[in-house]
file model-v8.txt (compact mmCIF, C-alpha atoms and all ligand atoms)
# COMPACT_ATOMS: atom_id res chain seq x y z
CA MET A 1 25.37 15.66 7.30
CA PRO A 2 28.36 13.27 7.79
CA GLY A 3 27.91 9.62 6.83
CA ALA A 4 27.88 6.69 9.27
CA ALA A 5 29.58 3.28 9.56
CA VAL A 6 26.24 1.59 10.21
CA ALA A 7 22.75 2.95 9.52
CA SER A 8 19.16 1.90 9.96
CA GLY A 9 15.73 2.94 8.76
CA ALA A 10 12.19 1.83 9.50
CA ALA A 11 9.09 2.42 7.40
CA PRO A 12 5.44 1.83 8.30
CA GLY A 13 2.93 -0.14 6.29
CA ARG A 14 -0.15 1.49 4.80
CA CYS A 15 -3.82 0.87 5.23
CA THR A 16 -6.23 1.94 2.54
CA LEU A 17 -9.52 3.06 4.10
CA VAL A 18 -11.36 3.49 0.78
CA GLY A 19 -9.97 3.75 -2.77
CA GLU A 20 -8.53 0.40 -3.86
CA HIS A 21 -7.26 -0.33 -7.37
CA VAL A 22 -7.77 3.25 -8.54
CA ASP A 23 -4.29 4.70 -7.97
CA TYR A 24 -2.99 3.45 -11.33
CA VAL A 25 -5.81 5.18 -13.22
CA GLY A 26 -5.47 8.55 -11.51
CA GLY A 27 -8.19 8.01 -8.88
CA MET A 28 -8.61 9.17 -5.28
CA VAL A 29 -7.45 7.10 -2.29
CA LEU A 30 -8.05 7.64 1.43
CA CYS A 31 -5.23 5.89 3.29
CA CYS A 32 -2.82 6.16 6.21
CA PRO A 33 0.52 4.89 7.45
CA VAL A 34 0.06 2.27 10.22
CA ASP A 35 1.77 1.15 13.42
CA ARG A 36 3.35 -1.98 11.91
CA ALA A 37 6.70 -1.49 10.23
CA VAL A 38 9.71 -2.92 8.41
CA ALA A 39 13.17 -2.08 9.77
CA VAL A 40 16.44 -2.32 7.84
CA ALA A 41 19.97 -2.12 9.27
CA LEU A 42 22.95 -1.94 6.92
CA ARG A 43 26.69 -1.40 6.64
CA PRO A 44 29.28 -1.57 3.84
CA SER A 45 30.28 -5.16 3.13
CA ALA A 46 33.97 -5.98 3.55
CA ASP A 47 34.29 -7.92 0.27
CA GLY A 48 32.16 -5.89 -2.17
CA ARG A 49 29.28 -8.42 -2.21
CA TRP A 50 25.62 -7.44 -1.66
CA ARG A 51 24.03 -9.50 1.14
CA LEU A 52 20.68 -9.59 2.87
CA VAL A 53 19.26 -11.62 5.71
CA SER A 54 15.55 -11.57 6.55
CA ASP A 55 13.71 -13.97 8.81
CA GLY A 56 16.42 -16.61 8.42
CA ARG A 57 16.52 -16.31 4.61
CA ARG A 58 19.76 -15.13 3.02
CA VAL A 59 20.66 -13.82 -0.41
CA GLU A 60 24.00 -12.70 -1.80
CA ARG A 61 25.16 -11.28 -5.12
CA GLY A 62 27.72 -9.09 -6.84
CA GLU A 63 25.37 -6.29 -8.01
CA PRO A 64 22.25 -4.64 -6.52
CA GLY A 65 20.10 -5.18 -9.64
CA PRO A 66 17.12 -7.59 -9.49
CA ALA A 67 17.70 -11.36 -9.41
CA GLY A 68 14.15 -12.52 -8.65
CA ASP A 69 14.70 -13.01 -4.92
CA LEU A 70 13.98 -11.19 -1.68
CA GLY A 71 17.02 -8.96 -2.14
CA ASP A 72 15.36 -7.21 -5.09
CA ARG A 73 13.23 -4.69 -3.20
CA ALA A 74 15.85 -3.99 -0.52
CA PHE A 75 18.73 -3.43 -2.98
CA ALA A 76 16.69 -1.57 -5.65
CA PRO A 77 16.93 1.85 -3.90
CA ALA A 78 20.73 1.71 -4.40
CA VAL A 79 20.14 1.49 -8.17
CA VAL A 80 17.85 4.55 -8.30
CA LEU A 81 20.05 6.51 -5.88
CA ALA A 82 23.11 5.83 -8.09
CA ALA A 83 21.22 7.26 -11.08
CA GLU A 84 20.55 10.29 -8.88
CA GLY A 85 24.30 10.71 -8.21
CA ILE A 86 24.15 9.20 -4.70
CA ARG A 87 26.59 6.29 -4.85
CA LEU A 88 26.64 3.53 -2.27
CA PRO A 89 29.20 0.84 -1.55
CA ALA A 90 28.12 -2.81 -1.66
CA LEU A 91 26.04 -3.40 1.47
CA GLU A 92 25.21 -6.05 4.03
CA MET A 93 21.61 -5.63 5.14
CA ALA A 94 19.35 -7.16 7.78
CA VAL A 95 15.57 -6.85 7.67
CA ALA A 96 13.18 -7.32 10.59
CA ALA A 97 9.45 -6.61 10.52
CA ASP A 98 6.22 -6.84 12.45
CA LEU A 99 4.34 -5.83 9.29
CA PRO A 100 3.15 -9.09 7.69
CA GLU A 101 4.70 -9.85 4.32
CA ALA A 102 2.55 -10.00 1.16
CA ALA A 103 -0.60 -9.27 3.16
CA GLY A 104 -1.99 -6.16 1.46
CA LEU A 105 -0.40 -3.68 3.87
CA ALA A 106 2.38 -2.50 1.52
CA SER A 107 5.27 -4.46 3.00
CA SER A 108 7.07 -4.21 -0.36
CA ALA A 109 6.97 -0.42 -0.39
CA ALA A 110 7.97 -0.38 3.28
CA VAL A 111 11.08 -2.50 2.57
CA CYS A 112 12.12 -0.19 -0.30
CA CYS A 113 11.48 2.95 1.76
CA ALA A 114 13.19 1.67 4.93
CA ALA A 115 16.25 0.62 2.91
CA MET A 116 16.37 3.97 1.12
CA VAL A 117 16.20 5.90 4.40
CA ALA A 118 19.04 3.77 5.82
CA MET A 119 21.10 4.29 2.64
CA LEU A 120 20.65 8.07 2.80
CA ARG A 121 21.69 8.02 6.45
CA LEU A 122 24.76 5.89 5.67
CA VAL A 123 26.12 8.38 3.15
CA GLY A 124 24.81 11.49 4.92
CA ALA A 125 22.50 12.58 2.06
CA ARG A 126 19.16 14.42 2.20
CA MET A 127 16.49 14.90 -0.43
CA PRO A 128 13.09 16.56 -0.89
CA THR A 129 10.23 14.38 0.38
CA GLY A 130 8.50 14.44 -3.02
CA ARG A 131 11.64 13.20 -4.75
CA PHE A 132 11.99 10.40 -2.19
CA VAL A 133 8.45 9.21 -3.01
CA GLU A 134 9.23 9.28 -6.75
CA LEU A 135 12.47 7.34 -6.31
CA ALA A 136 10.90 4.75 -4.00
CA LEU A 137 8.21 4.16 -6.64
CA ALA A 138 10.85 3.95 -9.38
CA ALA A 139 12.80 1.40 -7.31
CA GLU A 140 9.84 -0.97 -7.06
CA ARG A 141 8.17 -0.29 -10.42
CA ASP A 142 11.12 0.29 -12.76
CA VAL A 143 14.00 -1.61 -11.12
CA VAL A 144 12.14 -4.57 -9.61
CA GLY A 145 9.50 -4.50 -12.37
CA VAL A 146 6.32 -4.62 -10.25
CA PRO A 147 3.43 -2.90 -12.08
CA CYS A 148 2.29 -1.01 -8.95
CA GLY A 149 0.64 2.41 -8.86
CA PRO A 150 1.81 5.35 -6.73
CA LEU A 151 -0.36 4.62 -3.66
CA ASP A 152 1.93 2.68 -1.35
CA GLN A 153 5.01 4.90 -1.46
CA ALA A 154 2.95 8.07 -0.96
CA ALA A 155 1.09 6.50 1.98
CA VAL A 156 4.25 5.19 3.67
CA VAL A 157 5.85 8.64 3.55
CA GLY A 158 2.65 10.38 4.64
CA LEU A 159 2.39 13.99 5.70
CA PRO A 160 4.16 15.95 8.42
CA THR A 161 0.82 16.31 10.19
CA GLY A 162 0.02 12.57 10.46
CA GLY A 163 -3.59 11.30 10.39
CA ALA A 164 -4.97 10.08 7.07
CA LEU A 165 -4.19 11.21 3.54
CA LEU A 166 -6.45 11.83 0.60
CA LEU A 167 -4.31 11.10 -2.45
CA ASP A 168 -5.41 12.43 -5.81
CA CYS A 169 -3.34 10.18 -8.04
CA GLY A 170 -4.39 12.12 -11.14
CA ARG A 171 -3.09 15.44 -9.87
CA GLY A 172 -0.32 13.92 -7.73
CA THR A 173 -1.47 15.64 -4.53
CA ALA A 174 -1.70 14.36 -0.94
CA ASP A 175 -3.93 16.27 1.47
CA ALA A 176 -4.08 15.69 5.21
CA VAL A 177 -7.40 14.43 6.59
CA PRO A 178 -7.68 14.80 10.36
CA TRP A 179 -8.66 11.56 12.12
CA HIS A 180 -11.80 12.93 13.75
CA ALA A 181 -13.52 9.56 14.19
CA GLU A 182 -11.75 9.13 17.55
CA ALA A 183 -14.16 6.50 18.94
CA ALA A 184 -13.67 4.21 15.94
CA VAL A 185 -10.67 1.89 15.66
CA LEU A 186 -9.38 -0.45 12.98
CA VAL A 187 -9.10 -4.22 13.37
CA ALA A 188 -7.05 -6.19 10.83
CA CYS A 189 -7.20 -9.91 10.06
CA ASP A 190 -4.42 -11.44 7.97
CA THR A 191 -6.10 -14.33 6.14
CA GLY A 192 -2.77 -16.10 5.70
CA GLU A 193 -3.33 -16.22 1.93
CA THR A 194 -0.34 -14.29 0.65
CA HIS A 195 -0.58 -12.39 -2.61
CA ASP A 196 1.96 -10.98 -5.01
CA VAL A 197 1.41 -7.52 -6.41
CA GLY A 198 3.71 -8.55 -9.27
CA GLY A 199 1.46 -11.57 -9.90
CA ALA A 200 -0.86 -12.35 -12.79
CA GLY A 201 -4.12 -11.18 -11.17
CA TYR A 202 -2.88 -7.66 -10.45
CA ARG A 203 -1.36 -7.30 -13.92
CA GLU A 204 -4.59 -8.50 -15.50
CA ARG A 205 -6.74 -6.00 -13.54
CA ARG A 206 -4.37 -3.17 -14.45
CA ALA A 207 -4.58 -4.09 -18.13
CA GLU A 208 -8.40 -4.31 -17.93
CA ALA A 209 -8.60 -0.92 -16.20
CA GLU A 210 -6.45 0.66 -18.89
CA ALA A 211 -8.54 -1.00 -21.62
CA ALA A 212 -11.74 0.29 -19.98
CA LEU A 213 -10.34 3.83 -19.89
CA ARG A 214 -9.34 3.57 -23.55
CA GLY A 215 -12.87 2.41 -24.36
CA LEU A 216 -14.19 5.48 -22.58
CA GLY A 217 -11.73 7.78 -24.33
CA ALA A 218 -10.24 8.89 -21.00
CA THR A 219 -6.79 8.80 -19.43
CA CYS A 220 -7.85 9.44 -15.85
CA VAL A 221 -10.79 8.00 -13.92
CA GLY A 222 -11.53 11.32 -12.22
CA ARG A 223 -12.99 12.73 -15.43
CA ILE A 224 -15.53 9.95 -16.05
CA GLU A 225 -19.11 9.68 -14.78
CA ALA A 226 -21.25 6.55 -14.39
CA CYS A 227 -23.46 7.72 -17.29
CA ASP A 228 -20.39 7.71 -19.59
CA VAL A 229 -19.87 4.03 -18.78
CA ALA A 230 -23.49 3.18 -19.53
CA ALA A 231 -23.32 5.08 -22.83
CA ALA A 232 -20.02 3.47 -23.90
CA ARG A 233 -21.47 -0.09 -23.73
CA LEU A 234 -18.12 -1.62 -22.83
CA PRO A 235 -17.92 -5.41 -23.22
CA ALA A 236 -17.91 -7.53 -20.03
CA PRO A 237 -15.95 -7.57 -17.80
CA LEU A 238 -14.66 -4.08 -18.70
CA ASP A 239 -18.09 -2.59 -17.89
CA ARG A 240 -17.88 -3.94 -14.34
CA ARG A 241 -14.24 -2.93 -13.98
CA ALA A 242 -15.09 0.62 -15.08
CA ARG A 243 -18.01 0.77 -12.65
CA HIS A 244 -15.67 -0.13 -9.79
CA LEU A 245 -13.11 2.49 -10.80
CA ILE A 246 -15.68 5.28 -10.92
CA THR A 247 -17.69 4.41 -7.83
CA GLU A 248 -14.54 3.70 -5.78
CA THR A 249 -12.88 7.02 -6.51
CA HIS A 250 -16.12 8.83 -5.57
CA ARG A 251 -16.39 6.77 -2.39
CA ALA A 252 -12.83 7.71 -1.41
CA ALA A 253 -13.55 11.43 -1.68
CA THR A 254 -16.78 11.04 0.31
CA ALA A 255 -15.00 8.91 2.92
CA ALA A 256 -12.39 11.65 3.43
CA SER A 257 -15.15 14.16 4.18
CA ALA A 258 -16.77 11.70 6.58
CA LEU A 259 -13.50 11.02 8.45
CA GLY A 260 -12.72 14.72 8.69
CA ALA A 261 -16.23 15.38 10.04
CA GLY A 262 -15.96 12.54 12.60
CA ASP A 263 -18.77 10.61 10.89
CA ALA A 264 -17.57 7.04 11.47
CA THR A 265 -20.95 5.56 10.51
CA THR A 266 -20.74 6.91 6.97
CA LEU A 267 -17.07 5.97 6.70
CA GLY A 268 -17.94 2.39 7.72
CA LEU A 269 -20.75 2.14 5.16
CA LEU A 270 -18.41 3.37 2.44
CA MET A 271 -15.80 0.78 3.45
CA SER A 272 -18.38 -2.02 3.16
CA ALA A 273 -19.53 -0.67 -0.21
CA SER A 274 -15.90 -0.67 -1.33
CA HIS A 275 -15.59 -4.34 -0.41
CA ALA A 276 -18.76 -5.25 -2.32
CA SER A 277 -17.44 -3.45 -5.38
CA LEU A 278 -14.02 -5.13 -5.15
CA ARG A 279 -15.73 -8.51 -4.74
CA ASP A 280 -18.44 -8.21 -7.40
CA ASP A 281 -17.21 -5.72 -10.00
CA TYR A 282 -13.42 -5.96 -9.70
CA GLU A 283 -13.36 -9.63 -8.64
CA VAL A 284 -10.25 -9.47 -6.45
CA SER A 285 -11.71 -10.90 -3.24
CA THR A 286 -11.39 -14.48 -1.99
CA PRO A 287 -13.64 -16.70 0.14
CA ALA A 288 -11.36 -16.12 3.16
CA LEU A 289 -11.51 -12.32 2.77
CA ASP A 290 -15.31 -12.47 2.33
CA ALA A 291 -15.59 -14.67 5.43
CA ALA A 292 -13.52 -12.26 7.54
CA VAL A 293 -15.60 -9.29 6.34
CA ALA A 294 -18.92 -11.08 6.95
CA ALA A 295 -17.81 -12.19 10.43
CA ALA A 296 -16.84 -8.64 11.36
CA LEU A 297 -20.10 -7.15 10.06
CA ALA A 298 -22.13 -9.66 12.10
CA VAL A 299 -20.77 -8.24 15.39
CA PRO A 300 -22.74 -5.31 16.86
CA GLY A 301 -20.49 -2.25 16.87
CA CYS A 302 -18.78 -3.06 13.57
CA LEU A 303 -19.30 -0.06 11.30
CA GLY A 304 -17.84 -1.46 8.09
CA ALA A 305 -15.32 -3.94 6.71
CA ARG A 306 -13.37 -4.60 3.55
CA LEU A 307 -10.35 -6.23 2.02
CA VAL A 308 -7.26 -4.01 1.97
CA GLY A 309 -4.60 -3.74 -0.72
CA ALA A 310 -4.57 -5.55 -4.03
CA GLY A 311 -6.73 -8.50 -2.90
CA PHE A 312 -6.29 -12.07 -4.21
CA GLY A 313 -5.54 -12.85 -0.54
CA GLY A 314 -4.03 -10.69 2.18
CA THR A 315 -5.77 -8.77 4.92
CA ALA A 316 -9.32 -7.68 5.75
CA ILE A 317 -9.93 -4.65 7.96
CA ALA A 318 -12.94 -3.54 9.98
CA LEU A 319 -13.89 -0.13 11.37
CA VAL A 320 -15.25 -0.72 14.83
CA ASP A 321 -16.68 1.17 17.79
CA ASP A 322 -13.87 0.85 20.32
CA PRO A 323 -15.72 -1.33 22.92
CA ALA A 324 -16.51 -3.93 20.21
CA ALA A 325 -12.89 -4.24 19.02
CA GLU A 326 -12.02 -7.46 20.86
CA SER A 327 -15.26 -9.20 19.79
CA VAL A 328 -14.68 -8.24 16.16
CA ARG A 329 -11.04 -9.31 16.33
CA ALA A 330 -11.98 -12.73 17.71
CA ALA A 331 -14.83 -13.18 15.21
CA MET A 332 -12.63 -12.37 12.20
CA GLN A 333 -9.86 -14.70 13.33
CA ALA A 334 -12.29 -17.54 14.05
CA ALA A 335 -13.88 -17.15 10.60
CA VAL A 336 -10.56 -17.74 8.81
CA PRO A 337 -8.95 -21.02 9.91
CA GLY A 338 -5.64 -20.27 8.13
CA SER A 339 -5.34 -16.76 9.56
CA ARG A 340 -1.89 -15.52 10.57
CA GLY A 341 -3.62 -13.42 13.26
CA ALA A 342 -5.99 -10.51 13.89
CA TRP A 343 -5.07 -7.39 15.80
CA LEU A 344 -5.80 -3.70 16.38
CA LEU A 345 -4.28 -1.55 13.65
CA ALA A 346 -3.61 2.10 14.47
CA HIS A 347 -2.76 4.97 12.16
CA ALA A 348 0.80 6.17 12.73
CA PRO A 349 3.23 8.83 11.51
CA GLY A 350 4.81 8.26 8.11
CA LEU A 351 8.41 8.83 7.05
CA ALA A 352 7.82 12.55 6.59
CA VAL A 353 7.78 12.62 10.42
CA THR A 354 10.13 9.80 11.45
CA ALA A 355 12.81 10.33 8.79
CA ALA A 356 12.82 14.13 8.81
CA ASP A 357 16.64 13.98 9.18
CA VAL A 358 16.95 12.79 5.55
CA LEU A 359 13.73 14.22 4.05
CA GLU A 360 13.21 17.90 3.57
CA GLY A 361 10.21 20.02 2.57
C1 LIG A 401 -0.97 -2.63 -4.39
C2 LIG A 401 -0.24 -1.67 -5.31
C3 LIG A 401 -0.85 -0.27 -5.23
C4 LIG A 401 -2.37 -0.31 -5.41
C5 LIG A 401 -2.99 -1.37 -4.50
C6 LIG A 401 -4.47 -1.54 -4.76
O1 LIG A 401 -0.73 -2.28 -3.06
O2 LIG A 401 1.13 -1.59 -4.99
O3 LIG A 401 -0.25 0.58 -6.18
O4 LIG A 401 -2.71 -0.50 -6.75
O5 LIG A 401 -2.36 -2.62 -4.67
O6 LIG A 401 -5.15 -0.39 -4.40

call {"tool": "encode", "arguments": {"input": "model-v8.txt", "output": "structure tokens", "more": "lines below"}}
Ligand code: GLA
result
Amino acid sequence: MPGAAVASGAAPGRCTLVGEHVDYVGGMVLCCPVDRAVAVALRPSADGRWRLVSDGRRVERGEPGPAGDLGDRAFAPAVVLAAEGIRLPALEMAVAADLPEAAGLASSAAVCCAAMVAMLRLVGARMPTGRFVELALAAERDVVGVPCGPLDQAAVVGLPTGGALLLDCGRGTADAVPWHAEAAVLVACDTGETHDVGGAGYRERRAEAEAALRGLGATCVGRIEACDVAAARLPAPLDRRARHLITETHRAATAASALGAGDATTLGLLMSASHASLRDDYEVSTPALDAAVAAALAVPGCLGARLVGAGFGGTAIALVDDPAAESVRAAMQAAVPGSRGAWLLAHAPGLAVTAADVLEG
């Protein structure tokens, strides 16, 4: 494919349905790409400087490596692509998004992925879809230094068939789950409390999860049962952390069966159980997230609700019978005075569909 003088790429956010904070210990996650996205347009810069503008904020530097600013995630793909033998000139980039930033819907992964798609288009390169996912993860985790698991990049890329994905982060597989709960829709409420996946809370939970696994003599949560946790007598809070990891990965697998069977009632109950576990055992919820979830559950027709993403702020989602969607949306927004808005959130095709010109296989 020939290169271009100007190129663009857009990547969706991701919504976890069930399976939060288990990707980095090899657990199962039911998730999907969503209809809110980040778009990147870029071209070679005339003077060899790297520049980015996003929402009125500007950064500029001589190299694409991280500098602790908003250029880090957008420029990082150029670093991993160079190591792959795909060399880019210094770039000027513009970012625009309707996916809220730092709100638990994987805006960071979407920026990296959108930039990487645009870079591949600029130089006329293609790569296998699986390699793209690995490089997008390496850009955020190894170049930017965010201790994230593999969930977001895999979800943003998605599957050629669309719908939801059941990720097995232990085996590294992604299986399509047909969205058979047609009468149920998702409502999202951004609490306005932004979170940072590179922040202290996320790092601490990751370290606790790894310590809990070590205490259980395991490397992957999929091989542990609740009785193993009871027998191991882990000290608090590792006992609660381990209980979340095990119950959440089981819930994700059960939720995938429910979604595939069109059983929205069971899916909703599992989402609410996931929230309770994240609040009580993993302790990553906040009063605003709990208020949004409680407000949603109080409306007839709401099937389940939970925080989405890493927690410590961000977005709450609800699974709702379609006719109740507007009532749930209004109730969630009213329950969170600082909310940046509540809206219908639909599952959407991932990059495997929309960037098929640069992704193969
Ligand atoms: C963030 C991370 C993911 C995952 C989620 C929590 O989005 O980037 O890897 O750990 O939090 O499920």

call {"tool": "residues_around", "arguments": {"input": "model-v8.txt", "residues": "His250 in chain A", "least_positions_apart": "6", "cutoff": "10 Å", "atoms": "only C-alpha atoms", "output": "PyMOL selection string"}}
result
chain A and resi 18-19+27-29+221-222+225+244+270

call {"tool": "axis_aligned_box", "arguments": {"input": "model-v8.txt", "around": "ligand LIG 401 (chain A)", "padding_each_side": "5 Å", "output": "AutoDock Vina command-line options"}}
result
--center_x -2.0 --center_y -1.0 --center_z -4.9 --size_x 16.3 --size_y 13.2 --size_z 13.7

call {"tool": "atom_distance", "arguments": {"input": "model-v8.txt", "atom1": "CA of Met116 in chain A", "atom2": "CA of Thr161 in chain A"}}
result
21.8 Å

call {"tool": "residues_near_ligand", "arguments": {"input": "model-v8.txt", "ligand": "ligand LIG 401 (chain A)", "cutoff": "7 Å", "atoms": "all atoms listed in the file", "output": "list in words"}}
result
Gly19, Glu20, His21, Val22, Asp23, Tyr24, Gly104, Ala106, Cys148, Gly149, Pro150, Leu151, Asp152, Val197, Gly309 and Ala310 of chain A

call {"tool": "residues_around", "arguments": {"input": "model-v8.txt", "residues": "Gly201 in chain A", "least_positions_apart": "4", "cutoff": "10 Å", "atoms": "only C-alpha atoms", "output": "ChimeraX atom specification"}}
result
/A:195-197,205-207,283-284,310-312

call {"tool": "atom_distance", "arguments": {"input": "model-v8.txt", "atom1": "CA of Val293 in chain A", "atom2": "CA of Pro237 in chain A"}}
result
24.2 Å

call {"tool": "closest_residue", "arguments": {"input": "model-v8.txt", "among": "A:Gly199, A:Pro89, A:Gly124, A:Gly163", "to": "Ala7 in chain A", "atoms": "only C-alpha atoms"}}
result
A:Gly124

call {"tool": "atom_distance", "arguments": {"input": "model-v8.txt", "atom1": "CA of Ala46 in chain A", "atom2": "CA of Ala5 in chain A"}}
result
11.9 Å

call {"tool": "closest_residue", "arguments": {"input": "model-v8.txt", "among": "A:Glu92, A:Asp322, A:Glu208, A:Asp69", "to": "Ala346 in chain A", "atoms": "all atoms listed in the file"}}
result
A:Asp322

call {"tool": "closest_residue", "arguments": {"input": "model-v8.txt", "among": "A:Asp55, A:Asp190, A:Asp47, A:Glu140", "to": "Val308 in chain A", "atoms": "all atoms listed in the file"}}
result
A:Asp190

call {"tool": "residues_around", "arguments": {"input": "model-v8.txt", "residues": "Arg329 in chain A", "least_positions_apart": "4", "cutoff": "8 Å", "atoms": "all atoms listed in the file", "output": "PyMOL selection string"}}
result
chain A and resi 187-189+296+325+333+342-344

call {"tool": "closest_residue", "arguments": {"input": "model-v8.txt", "among": "A:Ala10, A:Ala115, A:Ala226, A:Ala154", "to": "Cys169 in chain A", "atoms": "only C-alpha atoms"}}
result
A:Ala154

call {"tool": "residues_around", "arguments": {"input": "model-v8.txt", "residues": "Ala37 in chain A", "least_positions_apart": "3", "cutoff": "6 Å", "atoms": "all atoms listed in the file", "output": "list of chain:residue names"}}
result
A:Ala11, A:Pro12, A:Gly13, A:Ala97, A:Asp98, A:Leu99

call {"tool": "residues_near_point", "arguments": {"input": "model-v8.txt", "point": "(15.9, 18.7, -2.4)", "cutoff": "10 Å", "atoms": "only C-alpha atoms", "output": "JSON, numbers by chain"}}
result
{"A": [126, 127, 128, 129, 130, 131, 132, 358, 359, 360, 361]}

call {"tool": "closest_residue", "arguments": {"input": "model-v8.txt", "among": "A:Leu17, A:Val143, A:Ala136, A:Ala184", "to": "Leu166 in chain A", "atoms": "all atoms listed in the file"}}
result
A:Leu17

call {"tool": "decode", "arguments": {"input": "model-v8.txt", "residues": "range 334-340 of chain A", "atoms": "all heavy atoms", "output": "PDB file, in the first residue's frame"}}
result
ATOM      1  N   ALA A 334     -28.935  12.714  37.845  1.00  0.00           N
ATOM      2  CA  ALA A 334     -29.397  13.520  38.982  1.00  0.00           C
ATOM      3  C   ALA A 334     -28.723  13.092  40.279  1.00  0.00           C
ATOM      4  O   ALA A 334     -28.545  13.901  41.194  1.00  0.00           O
ATOM      5  CB  ALA A 334     -30.917  13.400  39.109  1.00  0.00           C
ATOM      6  N   ALA A 335     -28.317  11.822  40.367  1.00  0.00           N
ATOM      7  CA  ALA A 335     -27.718  11.315  41.610  1.00  0.00           C
ATOM      8  C   ALA A 335     -26.268  11.760  41.781  1.00  0.00           C
ATOM      9  O   ALA A 335     -25.690  11.600  42.857  1.00  0.00           O
ATOM     10  CB  ALA A 335     -27.798   9.782  41.631  1.00  0.00           C
ATOM     11  N   VAL A 336     -25.663  12.272  40.708  1.00  0.00           N
ATOM     12  CA  VAL A 336     -24.240  12.651  40.758  1.00  0.00           C
ATOM     13  C   VAL A 336     -24.114  14.124  40.342  1.00  0.00           C
ATOM     14  O   VAL A 336     -24.021  14.442  39.151  1.00  0.00           O
ATOM     15  CB  VAL A 336     -23.405  11.749  39.814  1.00  0.00           C
ATOM     16  CG1 VAL A 336     -21.930  12.105  39.923  1.00  0.00           C
ATOM     17  CG2 VAL A 336     -23.624  10.282  40.125  1.00  0.00           C
ATOM     18  N   PRO A 337     -24.108  15.031  41.303  1.00  0.00           N
ATOM     19  CA  PRO A 337     -24.115  16.457  40.960  1.00  0.00           C
ATOM     20  C   PRO A 337     -22.956  16.876  40.054  1.00  0.00           C
ATOM     21  O   PRO A 337     -23.116  17.736  39.201  1.00  0.00           O
ATOM     22  CB  PRO A 337     -24.020  17.142  42.334  1.00  0.00           C
ATOM     23  CG  PRO A 337     -24.526  16.122  43.307  1.00  0.00           C
ATOM     24  CD  PRO A 337     -24.191  14.781  42.750  1.00  0.00           C
ATOM     25  N   GLY A 338     -21.785  16.258  40.193  1.00  0.00           N
ATOM     26  CA  GLY A 338     -20.634  16.665  39.371  1.00  0.00           C
ATOM     27  C   GLY A 338     -20.532  15.937  38.054  1.00  0.00           C
ATOM     28  O   GLY A 338     -19.507  16.033  37.360  1.00  0.00           O
ATOM     29  N   SER A 339     -21.582  15.200  37.678  1.00  0.00           N
ATOM     30  CA  SER A 339     -21.518  14.361  36.475  1.00  0.00           C
ATOM     31  C   SER A 339     -21.190  15.161  35.217  1.00  0.00           C
ATOM     32  O   SER A 339     -21.682  16.280  35.036  1.00  0.00           O
ATOM     33  CB  SER A 339     -22.866  13.658  36.292  1.00  0.00           C
ATOM     34  OG  SER A 339     -22.926  13.050  35.021  1.00  0.00           O
ATOM     35  N   ARG A 340     -20.369  14.555  34.340  1.00  0.00           N
ATOM     36  CA  ARG A 340     -20.108  15.177  33.033  1.00  0.00           C
ATOM     37  C   ARG A 340     -21.139  14.711  32.005  1.00  0.00           C
ATOM     38  O   ARG A 340     -20.980  14.960  30.826  1.00  0.00           O
ATOM     39  CB  ARG A 340     -18.696  14.813  32.544  1.00  0.00           C
ATOM     40  CG  ARG A 340     -17.576  15.459  33.352  1.00  0.00           C
ATOM     41  CD  ARG A 340     -16.213  15.345  32.669  1.00  0.00           C
ATOM     42  NE  ARG A 340     -15.742  13.964  32.621  1.00  0.00           N
ATOM     43  CZ  ARG A 340     -14.510  13.619  32.231  1.00  0.00           C
ATOM     44  NH1 ARG A 340     -13.644  14.538  31.858  1.00  0.00           N
ATOM     45  NH2 ARG A 340     -14.143  12.345  32.223  1.00  0.00           N
TER      46      ARG A 340
END
